[in-house]
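Enquirer: One file: protein-v6.tsv (TSV, C-alpha atoms).
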chain	number	residue	atom	x	y	z
A	164	MET	CA	85.82	101.36	112.73
A	165	THR	CA	85.15	104.25	115.11
A	166	THR	CA	82.08	106.47	115.31
A	167	PRO	CA	81.99	110.26	115.77
A	168	GLU	CA	81.45	109.60	119.49
A	169	THR	CA	84.67	107.56	119.78
A	170	SER	CA	86.79	109.15	117.03
A	171	THR	CA	89.88	111.14	118.01
A	172	LEU	CA	89.01	113.53	115.18
A	173	PHE	CA	86.05	114.90	117.15
A	174	THR	CA	85.62	116.78	120.43
A	175	ARG	CA	82.43	117.04	122.47
A	176	TRP	CA	80.86	120.47	122.92
A	177	THR	CA	77.88	120.98	125.22
A	178	ASN	CA	75.26	123.71	124.87
A	179	PRO	CA	75.49	125.47	128.26
A	180	THR	CA	71.79	126.38	128.28
A	181	ASN	CA	70.35	122.88	127.99
A	182	GLY	CA	73.11	120.25	127.91
A	183	ILE	CA	72.60	119.20	124.28
A	184	GLU	CA	75.89	117.72	123.09
A	185	SER	CA	77.46	118.23	119.65
A	186	LEU	CA	80.49	116.44	118.24
A	187	VAL	CA	82.83	118.96	116.59
A	188	LEU	CA	85.47	117.99	114.03
A	189	THR	CA	88.35	119.70	115.82
A	190	HIS	CA	91.15	117.85	114.01
A	191	ARG	CA	92.29	120.51	111.54
A	192	ALA	CA	93.39	120.15	107.93
A	193	ALA	CA	92.35	123.66	106.85
A	194	PRO	CA	91.63	127.07	108.43
A	195	VAL	CA	87.97	126.70	107.34
A	196	GLN	CA	86.14	123.36	107.55
A	197	GLN	CA	82.52	123.60	106.44
A	198	SER	CA	79.61	121.19	106.11
A	199	PHE	CA	77.77	120.75	102.83
A	200	TYR	CA	74.59	122.54	101.78
A	201	TYR	CA	71.55	121.23	103.64
A	202	THR	CA	70.13	119.38	100.60
A	203	HIS	CA	73.38	117.39	100.17
A	204	PRO	CA	74.14	114.71	102.77
A	205	SER	CA	77.86	113.97	102.96
A	206	PHE	CA	78.01	110.99	105.36
A	207	SER	CA	78.30	107.67	103.48
A	208	ASN	CA	75.70	105.04	104.30
A	209	ASP	CA	78.29	102.67	105.80
A	210	GLY	CA	79.30	105.32	108.35
A	211	ARG	CA	82.93	105.40	107.24
A	212	PHE	CA	83.29	108.66	105.28
A	213	LEU	CA	82.19	112.22	106.08
A	214	TRP	CA	82.97	114.72	103.30
A	215	LEU	CA	83.43	118.45	103.95
A	216	GLY	CA	84.57	121.66	102.30
A	217	CYS	CA	88.06	122.93	103.20
A	218	GLY	CA	88.94	126.59	102.69
A	219	PHE	CA	92.29	128.34	102.82
A	220	PRO	CA	91.63	132.09	103.04
A	221	PRO	CA	94.37	134.36	104.46
A	222	PRO	CA	94.33	134.88	108.25
A	223	GLY	CA	91.35	137.04	109.06
A	224	GLY	CA	90.06	136.79	105.47
A	225	ARG	CA	87.30	135.00	103.64
A	226	HIS	CA	87.28	133.13	100.36
A	227	ALA	CA	84.70	131.26	98.25
A	228	GLN	CA	87.06	128.73	96.66
A	229	GLN	CA	87.32	125.44	98.54
A	230	ILE	CA	88.63	121.93	98.06
A	231	LEU	CA	87.21	118.70	99.39
A	232	GLY	CA	88.27	116.84	102.47
A	233	VAL	CA	87.05	113.58	103.97
A	234	ALA	CA	87.04	112.24	107.52
A	235	ASP	CA	87.75	108.50	107.45
A	236	PHE	CA	86.41	106.74	110.55
A	237	GLU	CA	88.27	103.51	109.78
A	238	THR	CA	91.76	105.02	109.54
A	239	ALA	CA	91.09	107.99	111.88
A	240	GLU	CA	92.37	110.39	109.22
A	241	LEU	CA	91.21	113.72	107.82
A	242	ARG	CA	92.47	113.87	104.22
A	243	VAL	CA	92.34	116.85	101.84
A	244	TYR	CA	92.40	116.53	98.04
A	245	PRO	CA	93.73	119.66	96.25
A	246	GLU	CA	92.47	118.57	92.82
A	247	THR	CA	88.83	118.88	93.93
A	248	GLN	CA	88.50	122.67	93.65
A	249	PHE	CA	84.96	124.02	93.70
A	250	THR	CA	83.25	127.31	94.54
A	251	THR	CA	80.24	127.91	96.79
A	252	ALA	CA	78.20	125.46	94.69
A	253	ARG	CA	78.22	122.26	96.73
A	254	PRO	CA	79.35	118.80	95.54
A	255	MET	CA	77.20	115.66	95.68
A	256	VAL	CA	78.17	112.41	97.41
A	257	ASP	CA	77.14	108.95	96.26
A	258	LEU	CA	76.15	107.68	99.70
A	259	THR	CA	76.54	104.05	98.64
A	260	THR	CA	80.06	104.19	97.19
A	261	GLY	CA	81.37	107.22	99.09
A	262	GLU	CA	82.41	108.86	95.80
A	263	VAL	CA	82.00	112.62	95.47
A	264	TYR	CA	80.96	114.53	92.31
A	265	TRP	CA	81.67	118.20	91.66
A	266	GLY	CA	81.66	120.78	88.86
A	267	ASN	CA	84.76	122.45	87.45
A	268	ASP	CA	84.12	124.91	84.59
A	269	LEU	CA	82.07	122.94	81.99
A	270	ASP	CA	83.02	119.55	83.44
A	271	ILE	CA	81.68	117.13	86.02
A	272	TRP	CA	84.32	115.14	87.89
A	273	LYS	CA	84.23	112.44	90.55
A	274	ARG	CA	86.66	111.03	93.07
A	275	GLY	CA	86.65	108.18	95.55
A	276	PRO	CA	87.33	108.80	99.27
A	277	LEU	CA	90.52	106.76	99.59
A	278	ALA	CA	93.98	108.31	99.50
A	279	ASP	CA	95.05	106.45	96.35
A	280	ASP	CA	91.84	107.20	94.42
A	281	ARG	CA	92.13	109.57	91.45
A	282	ALA	CA	89.87	112.21	89.93
A	283	VAL	CA	87.85	110.85	87.01
A	284	HIS	CA	86.20	112.97	84.30
A	285	VAL	CA	82.47	112.17	84.08
A	286	ASN	CA	80.96	114.45	81.43
A	287	THR	CA	81.05	117.90	79.85
A	288	LEU	CA	78.50	120.58	78.99
A	289	PRO	CA	78.70	120.99	75.18
A	290	PRO	CA	80.83	124.07	74.36
A	291	GLU	CA	78.41	125.11	71.61
A	292	LEU	CA	75.72	125.70	74.24
A	293	VAL	CA	77.84	128.34	75.96
A	294	LYS	CA	79.48	129.93	72.92
A	295	GLY	CA	79.58	133.70	73.37
A	296	LEU	CA	78.32	133.42	76.95
A	297	ARG	CA	80.02	133.69	80.33
A	298	LEU	CA	79.64	130.67	82.57
A	299	ASN	CA	78.77	131.72	86.14
A	300	HIS	CA	78.31	128.18	87.41
A	301	LEU	CA	77.53	124.74	86.03
A	302	ALA	CA	75.28	123.46	88.82
A	303	THR	CA	74.22	125.04	92.10
A	304	HIS	CA	74.26	121.71	93.94
A	305	PRO	CA	73.76	118.74	91.59
A	306	THR	CA	71.64	115.80	92.71
A	307	PHE	CA	71.27	112.27	91.35
A	308	SER	CA	68.21	111.24	89.38
A	309	ALA	CA	66.01	108.65	91.08
A	310	ASP	CA	67.37	105.93	88.78
A	311	GLY	CA	70.97	106.93	89.56
A	312	ARG	CA	71.86	107.57	85.92
A	313	SER	CA	72.25	111.36	85.80
A	314	LEU	CA	73.10	114.54	87.67
A	315	ASN	CA	70.85	117.55	87.26
A	316	ILE	CA	72.33	120.72	85.75
A	317	ASP	CA	71.10	124.30	86.29
A	318	ALA	CA	73.82	126.21	84.46
A	319	ARG	CA	73.77	129.98	84.92
A	320	LEU	CA	75.35	132.01	82.15
A	321	SER	CA	75.22	135.61	80.95
A	322	LYS	CA	75.48	137.56	77.71
A	323	SER	CA	78.00	140.35	77.19
A	324	ASP	CA	75.34	142.90	78.19
A	325	GLY	CA	74.66	141.06	81.46
A	326	THR	CA	71.41	139.40	80.39
A	327	PRO	CA	71.16	136.08	82.25
A	328	VAL	CA	70.75	132.76	80.44
A	329	SER	CA	69.69	129.61	82.32
A	330	LEU	CA	69.97	126.00	81.19
A	331	ILE	CA	68.01	123.26	82.96
A	332	GLY	CA	68.89	119.69	82.05
A	333	ASP	CA	70.69	116.52	83.09
A	334	MET	CA	74.19	115.12	82.64
A	335	PRO	CA	74.31	111.30	82.18
A	336	LEU	CA	76.94	109.62	84.34
A	337	ASP	CA	77.91	107.22	81.53
A	338	GLY	CA	79.29	110.06	79.38
A	339	SER	CA	76.28	110.27	77.07
A	340	PRO	CA	75.44	113.74	75.72
A	341	PHE	CA	73.97	116.40	78.00
A	342	ARG	CA	70.18	116.63	77.69
A	343	LEU	CA	68.73	120.14	77.67
A	344	TRP	CA	65.27	120.37	79.24
A	345	GLN	CA	64.76	124.13	79.00
A	346	LYS	CA	66.75	127.24	78.02
A	347	THR	CA	65.57	130.61	79.33
A	348	GLU	CA	66.90	134.11	78.67
A	349	GLY	CA	66.32	137.06	80.97
A	350	PHE	CA	65.92	135.20	84.26
A	351	ASN	CA	68.15	133.51	86.82
A	352	TYR	CA	67.19	129.90	87.52
A	353	ASP	CA	69.15	127.79	90.00
A	354	HIS	CA	68.87	125.57	93.11
A	355	ALA	CA	67.56	122.71	90.93
A	356	LEU	CA	66.97	119.35	92.61
A	357	PHE	CA	65.96	116.03	91.07
A	358	SER	CA	62.86	114.38	92.51
A	359	PRO	CA	63.95	111.53	94.83
A	360	THR	CA	61.40	109.19	93.21
A	361	ASP	CA	60.81	110.41	89.62
A	362	PRO	CA	63.86	110.59	87.28
A	363	GLU	CA	61.93	112.76	84.82
A	364	LEU	CA	61.08	115.54	87.30
A	365	GLN	CA	63.10	118.44	88.71
A	366	MET	CA	62.38	121.39	90.94
A	367	PHE	CA	64.25	124.67	90.55
A	368	ALA	CA	64.17	128.22	91.89
A	369	HIS	CA	63.75	131.55	90.16
A	370	GLU	CA	66.15	133.76	92.09
A	371	PHE	CA	64.07	136.92	91.83
A	372	TRP	CA	66.48	138.94	93.94
A	373	SER	CA	69.08	138.46	91.18
A	374	ASP	CA	66.72	139.90	88.56
A	375	GLY	CA	64.89	142.53	90.59
A	376	GLU	CA	67.27	145.45	90.16
A	377	ARG	CA	67.67	144.79	86.44
A	378	LEU	CA	63.89	144.57	85.96
A	379	GLY	CA	63.22	147.63	88.13
A	380	VAL	CA	61.24	145.65	90.70
A	381	PRO	CA	62.22	145.97	94.39
A	382	PHE	CA	62.83	142.82	96.39
A	383	ASP	CA	61.28	144.05	99.62
A	384	GLY	CA	58.29	141.76	99.99
A	385	SER	CA	55.97	144.16	98.16
A	386	THR	CA	56.03	142.07	94.96
A	387	PRO	CA	54.94	138.44	95.33
A	388	TYR	CA	56.36	136.12	92.68
A	389	HIS	CA	56.74	132.45	91.83
A	390	ARG	CA	60.09	131.28	93.14
A	391	ILE	CA	59.56	127.48	93.09
A	392	TRP	CA	59.07	125.80	89.70
A	393	LEU	CA	58.66	122.21	88.51
A	394	ILE	CA	59.78	120.85	85.16
A	395	ARG	CA	59.20	117.45	83.60
A	396	ARG	CA	61.57	116.38	80.84
A	397	GLY	CA	59.98	117.19	77.49
A	398	GLU	CA	57.58	119.73	78.98
A	399	LYS	CA	57.70	123.41	79.93
A	400	ALA	CA	58.32	124.48	83.51
A	401	ALA	CA	55.37	125.60	85.64
A	402	PRO	CA	55.09	127.19	89.12
A	403	LEU	CA	54.61	124.92	92.11
A	404	LEU	CA	52.34	127.15	94.17
A	405	LYS	CA	48.81	128.13	93.23
A	406	ARG	CA	49.54	131.76	94.02
A	407	PRO	CA	52.78	133.77	94.02
A	408	ALA	CA	54.30	134.45	97.42
A	409	SER	CA	56.63	137.06	98.85
A	410	HIS	CA	59.83	136.12	100.68
A	411	SER	CA	59.80	132.40	99.92
A	412	GLY	CA	62.87	130.27	99.48
A	413	HIS	CA	65.19	127.43	100.49
A	414	GLU	CA	63.06	124.61	99.20
A	415	TRP	CA	63.72	120.84	99.26
A	416	TRP	CA	62.03	117.56	98.37
A	417	ASP	CA	60.36	115.34	100.94
A	418	ALA	CA	61.94	111.87	100.89
A	419	SER	CA	58.63	110.43	99.65
A	420	GLY	CA	58.67	112.61	96.52
A	421	ASP	CA	55.04	113.54	97.25
A	422	TYR	CA	55.75	116.90	98.90
A	423	ILE	CA	58.03	119.90	98.64
A	424	TRP	CA	59.04	121.87	101.72
A	425	TYR	CA	60.02	125.51	101.72
A	426	LEU	CA	60.71	128.48	103.99
A	427	HIS	CA	58.18	131.30	103.99
A	428	TYR	CA	60.42	133.87	105.60
A	429	GLY	CA	58.94	135.50	108.67
A	430	ILE	CA	56.19	132.85	108.79
A	431	GLY	CA	57.82	129.43	108.98
A	432	VAL	CA	58.34	126.07	107.29
A	433	LYS	CA	55.59	125.02	104.88
A	434	LYS	CA	54.84	121.71	103.18
A	435	VAL	CA	53.24	121.58	99.72
A	436	SER	CA	51.42	118.56	98.30
A	437	LEU	CA	52.33	117.86	94.67
A	438	ALA	CA	48.94	116.21	94.15
A	439	THR	CA	46.77	119.11	95.37
A	440	ARG	CA	49.25	122.02	95.63
A	441	GLU	CA	47.81	122.75	99.05
A	442	GLU	CA	50.19	124.33	101.57
A	443	THR	CA	50.45	123.52	105.27
A	444	LEU	CA	52.33	125.62	107.82
A	445	VAL	CA	54.20	122.97	109.82
A	446	TRP	CA	56.66	124.97	111.93
A	447	ALA	CA	55.97	128.61	112.65
A	448	GLY	CA	58.95	130.84	113.29
A	449	ARG	CA	61.54	133.20	111.89
A	450	LEU	CA	63.76	130.56	110.26
A	451	SER	CA	66.29	130.57	107.41
A	452	HIS	CA	67.16	127.04	106.21
A	453	ALA	CA	65.50	123.78	107.19
A	454	HIS	CA	65.58	120.07	106.44
A	455	SER	CA	63.32	117.08	107.17
A	456	SER	CA	63.98	113.54	108.34
A	457	GLN	CA	63.20	110.68	105.98
A	458	CYS	CA	59.96	109.94	107.84
A	459	GLY	CA	58.97	113.63	107.71
A	460	ARG	CA	58.19	113.85	111.41
A	461	TYR	CA	61.30	115.75	112.48
A	462	LEU	CA	62.70	119.04	111.22
A	463	VAL	CA	65.89	120.98	111.84
A	464	ALA	CA	66.45	124.63	110.99
A	465	ASP	CA	68.83	127.52	111.43
A	466	ARG	CA	67.93	131.12	112.20
A	467	MET	CA	70.01	134.17	111.33
A	468	ASP	CA	69.24	137.78	112.15
A	469	ASP	CA	71.83	138.95	109.60
A	470	PRO	CA	72.60	136.40	106.85
A	471	GLY	CA	75.60	138.48	105.77
A	472	ASN	CA	77.38	137.75	109.06
A	473	PRO	CA	75.25	134.93	110.38
A	474	ASP	CA	74.57	133.71	113.88
A	475	CYS	CA	74.96	130.00	114.50
A	476	ASN	CA	71.47	129.30	115.85
A	477	VAL	CA	70.12	125.80	115.16
A	478	PHE	CA	66.89	124.20	116.39
A	479	PHE	CA	65.19	120.77	116.23
A	480	PHE	CA	61.41	120.32	115.98
A	481	ASP	CA	59.03	117.38	116.44
A	482	THR	CA	56.01	117.98	114.19
A	483	THR	CA	53.87	115.51	116.17
A	484	THR	CA	54.40	116.92	119.65
A	485	GLY	CA	54.99	120.50	118.54
A	486	LYS	CA	58.06	120.73	120.79
A	487	GLN	CA	61.43	122.17	119.78
A	488	VAL	CA	64.88	122.14	121.36
A	489	GLU	CA	67.87	124.38	120.78
A	490	ILE	CA	71.01	122.69	119.45
A	491	VAL	CA	73.29	125.73	119.50
A	492	ASN	CA	72.97	129.47	119.98
A	493	ARG	CA	76.08	131.38	119.03
A	494	GLY	CA	76.58	134.92	117.79
A	495	PRO	CA	78.36	135.75	114.53
A	496	LEU	CA	82.10	135.47	114.17
A	497	ALA	CA	84.05	138.64	114.87
A	498	ALA	CA	85.10	140.44	111.70
A	499	HIS	CA	88.83	139.85	112.25
A	500	LEU	CA	88.46	136.05	112.43
A	501	THR	CA	89.06	133.80	109.41
A	502	GLN	CA	85.74	133.03	107.74
A	503	CYS	CA	84.29	131.99	104.38
A	504	THR	CA	81.55	133.24	102.13
A	505	HIS	CA	78.08	131.76	102.59
A	506	LEU	CA	78.83	130.96	106.23
A	507	HIS	CA	75.49	129.52	107.30
A	508	PRO	CA	74.85	126.53	109.60
A	509	HIS	CA	72.86	124.66	106.86
A	510	PRO	CA	71.73	121.82	109.19
A	511	GLN	CA	70.87	118.51	107.54
A	512	PHE	CA	69.86	115.00	108.56
A	513	CYS	CA	72.48	112.43	107.56
A	514	LEU	CA	73.56	108.78	107.96
A	515	ASN	CA	69.96	107.56	107.74
A	516	ASP	CA	68.88	110.29	110.18
A	517	ARG	CA	71.27	109.11	112.90
A	518	TYR	CA	72.89	112.55	113.06
A	519	ILE	CA	72.28	116.14	112.15
A	520	CYS	CA	75.30	117.76	110.51
A	521	TYR	CA	75.83	121.52	110.55
A	522	THR	CA	78.47	124.24	110.36
A	523	THR	CA	79.34	125.72	113.75
A	524	THR	CA	81.37	128.63	115.10
A	525	VAL	CA	81.45	127.67	118.78
A	526	HIS	CA	85.27	127.64	118.78
A	527	ASP	CA	85.48	131.04	117.05
A	528	ARG	CA	86.26	129.44	113.69
A	529	VAL	CA	84.38	127.52	110.99
A	530	ASP	CA	83.92	123.85	111.99
A	531	VAL	CA	81.79	120.85	111.08
A	532	ALA	CA	79.57	119.48	113.85
A	533	LEU	CA	77.29	116.49	114.38
A	534	VAL	CA	74.53	116.03	116.93
A	535	ARG	CA	72.79	112.73	117.69
A	536	THR	CA	69.16	112.77	116.56
A	537	SER	CA	68.21	110.37	119.36
A	538	ASP	CA	69.28	112.96	121.96
A	539	LEU	CA	66.97	115.51	120.37
A	540	ILE	CA	64.04	113.13	120.03
A	541	SER	CA	64.22	112.29	123.72
A	542	ARG	CA	63.91	116.00	124.53
A	543	THR	CA	60.88	116.61	122.29
A	544	ALA	CA	58.91	113.33	122.63
Could I get this structure in the form of structure tokens?

Expert:
Amino acid sequence: MTTPETSTLFTRWTNPTNGIESLVLTHRAAPVQQSFYYTHPSFSNDGRFLWLGCGFPPPGGRHAQQILGVADFETAELRVYPETQFTTARPMVDLTTGEVYWGNDLDIWKRGPLADDRAVHVNTLPPELVKGLRLNHLATHPTFSADGRSLNIDARLSKSDGTPVSLIGDMPLDGSPFRLWQKTEGFNYDHALFSPTDPELQMFAHEFWSDGERLGVPFDGSTPYHRIWLIRRGEKAAPLLKRPASHSGHEWWDASGDYIWYLHYGIGVKKVSLATREETLVWAGRLSHAHSSQCGRYLVADRMDDPGNPDCNVFFFDTTTGKQVEIVNRGPLAAHLTQCTHLHPHPQFCLNDRYICYTTTVHDRVDVALVRTSDLISRTA
């Protein structure tokens, strides 16, 4: 079996400012090839399969609908599976089996990575829960419960008058009935993530920007609010932070389950203790998305001056030494080039922190890239 360094599917690209090398998936199966959302690793634990999103917008266009592809390092193939249609909500990979799970309308499906595998129906959101409502999405980016028995669901729906309805719950993988944890009308809840250690606990986000115009409240930083919420099954949701904050977002669980990280826009990456709810500013800077290594010492983040047409700027940070190194610095794609919606680098640690995976535009198109974590650690030690 090959590795990204030896695979014919990848080409080396070197940052001209500092010599940091990335491995770009230049073998093409689609006009747009995009990495997963930063909370969703897509590299199987055995190092054989790397899943990605494949988009087919018209030349010079952009499109949200994608299908799944997988790079197979044993057969040196990049395969695309048309039956795996999904929107900007990201799928979830079982890192042990290499199987991928995704939402399609009210259903959860899964598929193995091999060419002769077939899509298998996993479970369905009960139709009576959505009767008279419009389904906007089933799950933003579903995650597995700590016991591996369920996927979390943060269904966003709306009434005929546009009033949002949010369902927080979990979908058992054995086909048992969906379990509703909380139903809320009037607010948009999404970005839910299961705790990595507690199967009864989820975090989710209140997307205030989605509600602001309807509620007559400007989203300009003048109105602090509680974006990050925690919910335990059988209990009501409650805010994570002691005090509401302005311009907070893009949160994720620490691998230990004892902390939650989030971006305080314009300030930096913060870490919140679940035990004390105390916040610590760990990495100051004007950052957009970030992710932490399993040990919590290392961070990676992207920075975008205009998220609507984002730059591909990605940085690595050692929290112990306080040093950072640039992985890539690339301006936004020109408007006439084929793109996709939600075109952000979304860097993430993967394959047991061996690599950082991100979406890059260094070849004037949307590509998947990997960078060796060891190269970055040697620069920041």

Enquirer: Please return, as a list in words, all polymer residues that have at least one atom within 8 Å of the point (61.1, 120.7, 101.7); use only C-alpha atoms and the file's own coordinate frame.

Expert: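 Output of the proximity query reads His413, Glu414, Trp415, Trp416, Asp417, Tyr422, Ile423, Trp424, Tyr425, Lys433, Lys434, Ala453, His454 and Ser455 of chain A.
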
Enquirer: Could you check the closest approach to Pro276 (chain A) for each of A:His226, A:Arg211, A:Lys294, A:Arg312 and tell me which residue wins, using all atoms listed in the file?

Expert: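 Smallest separation from Pro276 (chain A) among the options: A:Arg211.
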
Enquirer: Could you tell me which of A:Gly412, A:Ala193, A:Val187, A:Pro335 comes closest to Glu370 (chain A) if we count all atoms listed in the file?

Expert: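 Closest candidate: A:Gly412.
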
Enquirer: Scan for residues within 9 Å of the point (69.1, 114.2, 118.7) in the coordinates of the file, using only C-alpha atoms, and reply as a ChimeraX atom specification.

Expert: /A:183-184,479,490,517-519,534-542

Enquirer: Keeping only C-alpha atoms, write those residues as a CSV table (one decimal), keeping the file's coordinate frame.

Expert:
chain,number,residue,atom,x,y,z
A,183,ILE,CA,72.6,119.2,124.3
A,184,GLU,CA,75.9,117.7,123.1
A,479,PHE,CA,65.2,120.8,116.2
A,490,ILE,CA,71.0,122.7,119.4
A,517,ARG,CA,71.3,109.1,112.9
A,518,TYR,CA,72.9,112.6,113.1
A,519,ILE,CA,72.3,116.1,112.2
A,534,VAL,CA,74.5,116.0,116.9
A,535,ARG,CA,72.8,112.7,117.7
A,536,THR,CA,69.2,112.8,116.6
A,537,SER,CA,68.2,110.4,119.4
A,538,ASP,CA,69.3,113.0,122.0
A,539,LEU,CA,67.0,115.5,120.4
A,540,ILE,CA,64.0,113.1,120.0
A,541,SER,CA,64.2,112.3,123.7
A,542,ARG,CA,63.9,116.0,124.5

Enquirer: Using all atoms listed in the file, which residues sit within 8 Å of region 361-367 of chain A once same-chain residues fewer than 2 positions away are excluded, as a list in words?

Expert: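 Listing them by chain and then by number gives Ser308, Ala309, Asp310, Asn315, Tyr352, Asp353, His354, Ala355, Leu356, Phe357, Ser358, Pro359, His369, Ile391, Trp392, Leu393, Ile394, Arg395, Arg396 and Gly420 of chain A.
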
Enquirer: Applying 12 Å and all atoms listed in the file, which residues near Ser329 (chain A) remain after dropping the ones on its own chain fewer than 5 positions away? List them as a ChimeraX atom specification.

Expert: /A:292-293,296-303,316-322,343-355,367-370

Enquirer: Hey, can you check how far CA of Pro470 (chain A) sits from CA of Val243 (chain A)?

Expert: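 Taking CA of Pro470 (chain A) and CA of Val243 (chain A), their separation equals 28.2 Å.
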
Enquirer: I'd like the contact shell of Val491 (chain A) - 9 Å cut-off, all atoms listed in the file, skipping same-chain residues fewer than 4 positions apart - returned as an MDAnalysis selection string.

Expert: chainID A and resid 177:178 180 183 185 475:478 523 525

Enquirer: Any chance you can output those residues with C-alpha atoms as a JSON list (two decimals), keeping the file's coordinate frame?

Expert:
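And here's selection-v2.json as it stands now:
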[["chain", "number", "residue", "atom", "x", "y", "z"],
["A", 177, "THR", "CA", 77.88, 120.98, 125.22],
["A", 178, "ASN", "CA", 75.26, 123.71, 124.87],
["A", 180, "THR", "CA", 71.79, 126.38, 128.28],
["A", 183, "ILE", "CA", 72.60, 119.20, 124.28],
["A", 185, "SER", "CA", 77.46, 118.23, 119.65],
["A", 475, "CYS", "CA", 74.96, 130.00, 114.50],
["A", 476, "ASN", "CA", 71.47, 129.30, 115.85],
["A", 477, "VAL", "CA", 70.12, 125.80, 115.16],
["A", 478, "PHE", "CA", 66.89, 124.20, 116.39],
["A", 523, "THR", "CA", 79.34, 125.72, 113.75],
["A", 525, "VAL", "CA", 81.45, 127.67, 118.78]]

Enquirer: Find the residue from A:Leu437, A:Val263, A:His499, A:Arg253 that sits nearest to Tyr201 (chain A); use all atoms listed in the file when measuring.

Expert: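 Of all the options, A:Arg253 lies closest to Tyr201 (chain A).
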
Enquirer: With distances taken over all atoms listed in the file, which residue among A:Ser323, A:Asn208, A:Gln228, A:Gln487 lies nearest Ala464 (chain A)?

Expert: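 Ranking A:Ser323, A:Asn208, A:Gln228, A:Gln487 by distance to Ala464 (chain A), first place goes to A:Gln487.
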
Enquirer: How many Å lie between CA of Ala278 (chain A) and CA of Cys520 (chain A), rounded to one decimal?

Expert: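 Separation between CA of Ala278 (chain A) and CA of Cys520 (chain A): 23.7 Å.
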
Enquirer: Please determine an axis-aligned box that encloses all atoms of region 496-502 of chain A listed in the file, with 8 Å added on each side, and express its centre and edge lengths in Å to one decimal as AutoDock Vina command-line options.

Expert:
--center_x 85.6 --center_y 136.7 --center_z 111.3 --size_x 23.0 --size_y 23.4 --size_z 23.1

Enquirer: Please, what distance in Å, to one decimal, runs between CA of Thr501 (chain A) and CA of Val463 (chain A)?

Expert: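 Spanning CA of Thr501 (chain A) to CA of Val463 (chain A) is a straight-line distance of 26.6 Å.
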
Enquirer: Which of these, A:His452, A:Arg242, A:Arg175, A:Lys273, has the shortest distance to Pro254 (chain A) once you count only C-alpha atoms?

Expert: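 Between A:His452, A:Arg242, A:Arg175, A:Lys273, the residue approaching Pro254 (chain A) most closely is A:Lys273.
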
Enquirer: Need to verify the contact set: Phe219 (chain A), 12 Å, all atoms listed in the file, exclusion of same-chain residues closer than 3 positions in sequence. Can you return it as an MDAnalysis selection string?

Expert: chainID A and resid 191:197 216 222:231 243 245 248 501:504 529

Enquirer: Could you check which of A:Cys513, A:Gly332, A:Trp265, A:His526 is closest to Asp209 (chain A), using all atoms listed in the file?

Expert: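 Looking only at the distances to Asp209 (chain A), the closest residue turns out to be A:Cys513.
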
Enquirer: Would you list the contacts of Phe199 (chain A) as a ChimeraX atom specification, taking every protein, DNA or RNA residue within 10 Å and counting all atoms listed in the file, but skipping same-chain residues closer than 6 positions in sequence?

Expert: /A:205,214-216,251-256,304,508-511,520-522,531

Enquirer: Can you give me N, CA and C atoms for region 212-223 of chain A, written as a short mmCIF file (atom, residue, chain, number, x, y, z; two decimals), keeping the file's coordinate frame?

Expert:
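Saved the output as result01.cif:
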data_model
loop_
_atom_site.label_atom_id
_atom_site.label_comp_id
_atom_site.auth_asym_id
_atom_site.auth_seq_id
_atom_site.Cartn_x
_atom_site.Cartn_y
_atom_site.Cartn_z
N PHE A 212 82.75 107.44 105.87
CA PHE A 212 83.29 108.66 105.28
C PHE A 212 82.35 109.85 105.50
N LEU A 213 82.91 110.96 105.95
CA LEU A 213 82.19 112.22 106.08
C LEU A 213 82.94 113.27 105.26
N TRP A 214 82.35 113.73 104.16
CA TRP A 214 82.97 114.72 103.30
C TRP A 214 82.68 116.13 103.83
N LEU A 215 83.59 117.06 103.54
CA LEU A 215 83.43 118.45 103.95
C LEU A 215 84.18 119.36 103.00
N GLY A 216 83.86 120.65 103.07
CA GLY A 216 84.57 121.66 102.30
C GLY A 216 85.71 122.24 103.13
N CYS A 217 86.89 122.39 102.52
CA CYS A 217 88.06 122.93 103.20
C CYS A 217 88.52 124.20 102.50
N GLY A 218 88.56 125.30 103.25
CA GLY A 218 88.94 126.59 102.69
C GLY A 218 90.26 127.08 103.25
N PHE A 219 90.99 127.83 102.42
CA PHE A 219 92.29 128.34 102.82
C PHE A 219 92.40 129.85 102.58
N PRO A 220 91.51 130.64 103.16
CA PRO A 220 91.63 132.09 103.04
C PRO A 220 92.81 132.60 103.88
N PRO A 221 93.29 133.81 103.62
CA PRO A 221 94.37 134.36 104.46
C PRO A 221 93.86 134.59 105.88
N PRO A 222 94.75 134.65 106.86
CA PRO A 222 94.33 134.88 108.25
C PRO A 222 93.45 136.12 108.36
N GLY A 223 92.27 135.94 108.93
CA GLY A 223 91.35 137.04 109.06
C GLY A 223 90.53 137.32 107.81
#
